[in-house]
Amino acid sequence: MAVVLRKVLGSVLHRSGSSSSRHNSELPEDHPPLGDLNVIPNDVFVQILLLLGPRDAARTSSVCKSWRALVSGNAIWVYFIMNEKEPWDALVFAETHLQLCFVPPSQLSFMNIYSKRAMVPGSIIIDGGSGYCKYGWSKSCSPSGRCATFLEFGNLESPMHARFHYFFTTIFSRMQVKTSSQPVVVSLPICYVDGQRICTNTESARASRKQLKEAIYSVLFEMNVPAVCAIDQAVLALFAARRTSGIVVNIGFHVTSVVPIFEGIVRHDIGIEIVGQGALKLTAFLRELMQQRNINFESLYTVRTIKEKLCYVAADYEAELQKDTEASCEVVGEGWFTLSKERFKTGEILFQPLIGGLRTLGLHRAVALCMDHCVAAEATPDNRWFKTVVLAGGTSCLPGLSEVIPPPCGADSAWHGAKIVSSMSTFMDSWCITKKQYRQMMRRNMIW
């Protein structure tokens with residue numbers, strides 16, 4: 001059916017093209033001599049366009065003005081976009097909130113969006129993470145591989161430039177792609193000092209961020225990457241939640257960071273709360289509890305697997321102590337393990353660190369403190385922007401915690417946020433830096 005329709009379309013385009021050439025290349029009038037095609041009802045014509053597909057549907061707009069009006073309607077192009085299995089809410093969020101200026105959904109031209117997005121090349125997304133790095137194609141549904149983070153990759157005594165080069169070379173090799181073939185999106189970790197609140201607007205903090213960015217850009221451009229987009233991990237996690245302003249609580253591998261973000265920009269002047277515990281501390285605490293009960297295991301990896309399968313956060317810790325919470329799980333190659341109160345005691349140290357022998361802020365207090373700093377900063381008359389709290393990191397997926405504030409994509413939130421950015425119709429123009437632009441920015445000292 002579609003083949004026949006394309007043949008008819010080719011004939012019509014040929015005839016209308018000849019007619020147009022006789023009228024100074026203007027579109028024919030609303031009722032050109034198209035024979036029986038003139039009497040096709042609009043709803044039937046729309047169905048024909050859907051069968052033709054996006055490329056041939058776009059070609060029909062040159063036949064006449066009435067056809068052009070039908071073809072340019074949003075309904076047809078919404079159908080084509082949704083057939084590509086792109087999350088609809090992610091697309092609308094990207095094309096409205098992540099543009100240089102906000103565009104109301106009612107003013108979007110999905111025909112233009114479709115054509116521009118079709119020209120955006122697939123990108124390689126590298127989320128540095130804090131426990132491990134996630135990488136993969138932007139056209140894929142999820143990361144395709146994992147490895148150590150670029151801050152911990154290779155010989156830690158080697159210069160940063162050499163480690164980064166080895167890190168990126170390894171990823172390109174594993175993905176079996178040429179460095180010059182695709183743009184690269186890199187997530188930038190939050191720079192921190194262990195166990196204390198930091199104002200990342202200090203001279204040393206700015207210098208640290210600048211050094212990290214310069215190292216990433218210079219290494220990738222030396223490898224002939226065509227374009228690079230580098231964005232903070234916390235910002236990408238917020239984008240994954242379809243928000244541009246709010247507080248991101250990233251429960252990382254070593255520490256937890258509470259990051260205020262306003263309109264897609266980390267508010268370094270307000271400051272970032274750092275809680276001196278992360279996924280590693282929870283795993284270590286569960287190991288201690290298991291050892292106290294003489295539960296034998298082979299490695300810390302076994303403990304982490306048990307934590308992911310059995311542990312949760314109790315809504316009421318004291319009430320949970322009175323309940324029978326025993327449950328079991330199997331770890332491949334090691335058999336079955338049974339836990340009881342260890343299941344919720346492990347996650348409770350996020351809120352009561354002293355239970356685990358830690359002298360640091362509880363997670364809820366760190367978020368409240370960050371909100372207080374946001375109020376004091378008076379960044380905007382509307383104080384609702386920081387009342388959106390988004391969780392990120394693998395530990396944020398613990399049952400009980402994730403049910404209160406669901407993490408958008410768990411441990412892969414930043415990666416999925418980068419995927420949203422990399423599929424935008426204006427990605428290459430508005431979000432990427434080329435090698436030439438990078439050199440110009442370096443001369444003007446604009447990388448920070």
# chains A, B, ... in the order shown; residues from 1 in each chain; ligands from 1

call {"tool": "residues_around", "arguments": {"residues": "Asp43 of chain A", "least_positions_apart": "5", "cutoff": "12 Å", "atoms": "only C-alpha atoms", "output": "PyMOL selection string"}}
result
chain A and resi 48-50+70-71+75-76

call {"tool": "closest_atom_pairs", "arguments": {"of": "segment 232-329 of chain A", "to": "segment 383-407 of chain A", "cutoff": "6 Å", "atoms": "only C-alpha atoms", "output": "Markdown table"}}
result
| residue | atom | partner | partner_atom | distance |
| --- | --- | --- | --- | --- |
| A:Ser245 | CA | A:Trp385 | CA | 5.6 |
| A:Gly246 | CA | A:Phe386 | CA | 4.3 |
| A:Ile247 | CA | A:Val389 | CA | 4.8 |
| A:Val248 | CA | A:Val390 | CA | 4.8 |
| A:Val249 | CA | A:Leu391 | CA | 4.9 |
| A:Asn250 | CA | A:Ala392 | CA | 4.6 |
| A:Ile251 | CA | A:Gly393 | CA | 5.1 |
| A:Gly252 | CA | A:Gly393 | CA | 5.8 |
| A:Ala279 | CA | A:Thr395 | CA | 6.0 |
| A:Tyr312 | CA | A:Pro399 | CA | 4.8 |
| A:Val313 | CA | A:Gly400 | CA | 4.7 |

call {"tool": "write_last_selection", "arguments": {"atoms": "C-alpha atoms", "output": "short mmCIF file (atom, residue, chain, number, x, y, z; two decimals), in the first residue's frame"}}
result
data_model
loop_
_atom_site.label_atom_id
_atom_site.label_comp_id
_atom_site.auth_asym_id
_atom_site.auth_seq_id
_atom_site.Cartn_x
_atom_site.Cartn_y
_atom_site.Cartn_z
CA SER A 245 15.35 23.92 39.60
CA GLY A 246 15.49 22.11 42.90
CA ILE A 247 17.78 20.31 45.33
CA VAL A 248 19.52 17.13 44.22
CA VAL A 249 20.48 14.66 46.94
CA ASN A 250 23.12 12.48 45.33
CA ILE A 251 23.96 9.46 47.51
CA GLY A 252 27.33 8.69 46.01
CA ALA A 279 26.98 3.60 49.58
CA TYR A 312 15.22 -1.03 53.13
CA VAL A 313 14.52 2.22 54.99
#

call {"tool": "select_by_dssp", "arguments": {"residues": "segment 75-151 of chain A", "states": "strand (DSSP E or B)", "output": "PyMOL selection string"}}
result
chain A and resi 124-127+133-137+145-147

call {"tool": "closest_residue", "arguments": {"among": "A:Leu354, A:Ile113, A:Ile420, A:Val225", "to": "Ser138 of chain A", "atoms": "only C-alpha atoms"}}
result
A:Ile420

call {"tool": "residues_around", "arguments": {"residues": "Ile265 of chain A", "least_positions_apart": "3", "cutoff": "12 Å", "atoms": "only C-alpha atoms", "output": "list in words"}}
result
Leu98, Ile231, Asp232, Gln233, Ala234, Val235, Leu236, Leu238, Phe239, Arg243, Thr244, Ser245, Gly246, Ile247, Val248, Val259, Pro260, Ile261, Phe262, His268, Asp269 and Ile270 of chain A

call {"tool": "closest_residue", "arguments": {"among": "A:Ile190, A:Met424, A:Leu363, A:Ala207", "to": "Asn445 of chain A", "atoms": "only C-alpha atoms"}}
result
A:Ala207

call {"tool": "residues_around", "arguments": {"residues": "His416 of chain A", "least_positions_apart": "5", "cutoff": "8 Å", "atoms": "only C-alpha atoms", "output": "PyMOL selection string"}}
result
chain A and resi 142+236-237+240+409

call {"tool": "write_last_selection", "arguments": {"atoms": "C-alpha atoms", "output": "mmCIF file, in the first residue's frame"}}
result
data_model
loop_
_atom_site.group_PDB
_atom_site.id
_atom_site.type_symbol
_atom_site.label_atom_id
_atom_site.label_comp_id
_atom_site.auth_asym_id
_atom_site.auth_seq_id
_atom_site.Cartn_x
_atom_site.Cartn_y
_atom_site.Cartn_z
ATOM 1 C CA SER A 142 20.354 2.445 28.984
ATOM 2 C CA LEU A 236 21.754 15.987 34.688
ATOM 3 C CA ALA A 237 20.023 14.041 37.477
ATOM 4 C CA ALA A 240 16.164 13.265 34.303
ATOM 5 C CA CYS A 409 16.431 6.597 37.055
#
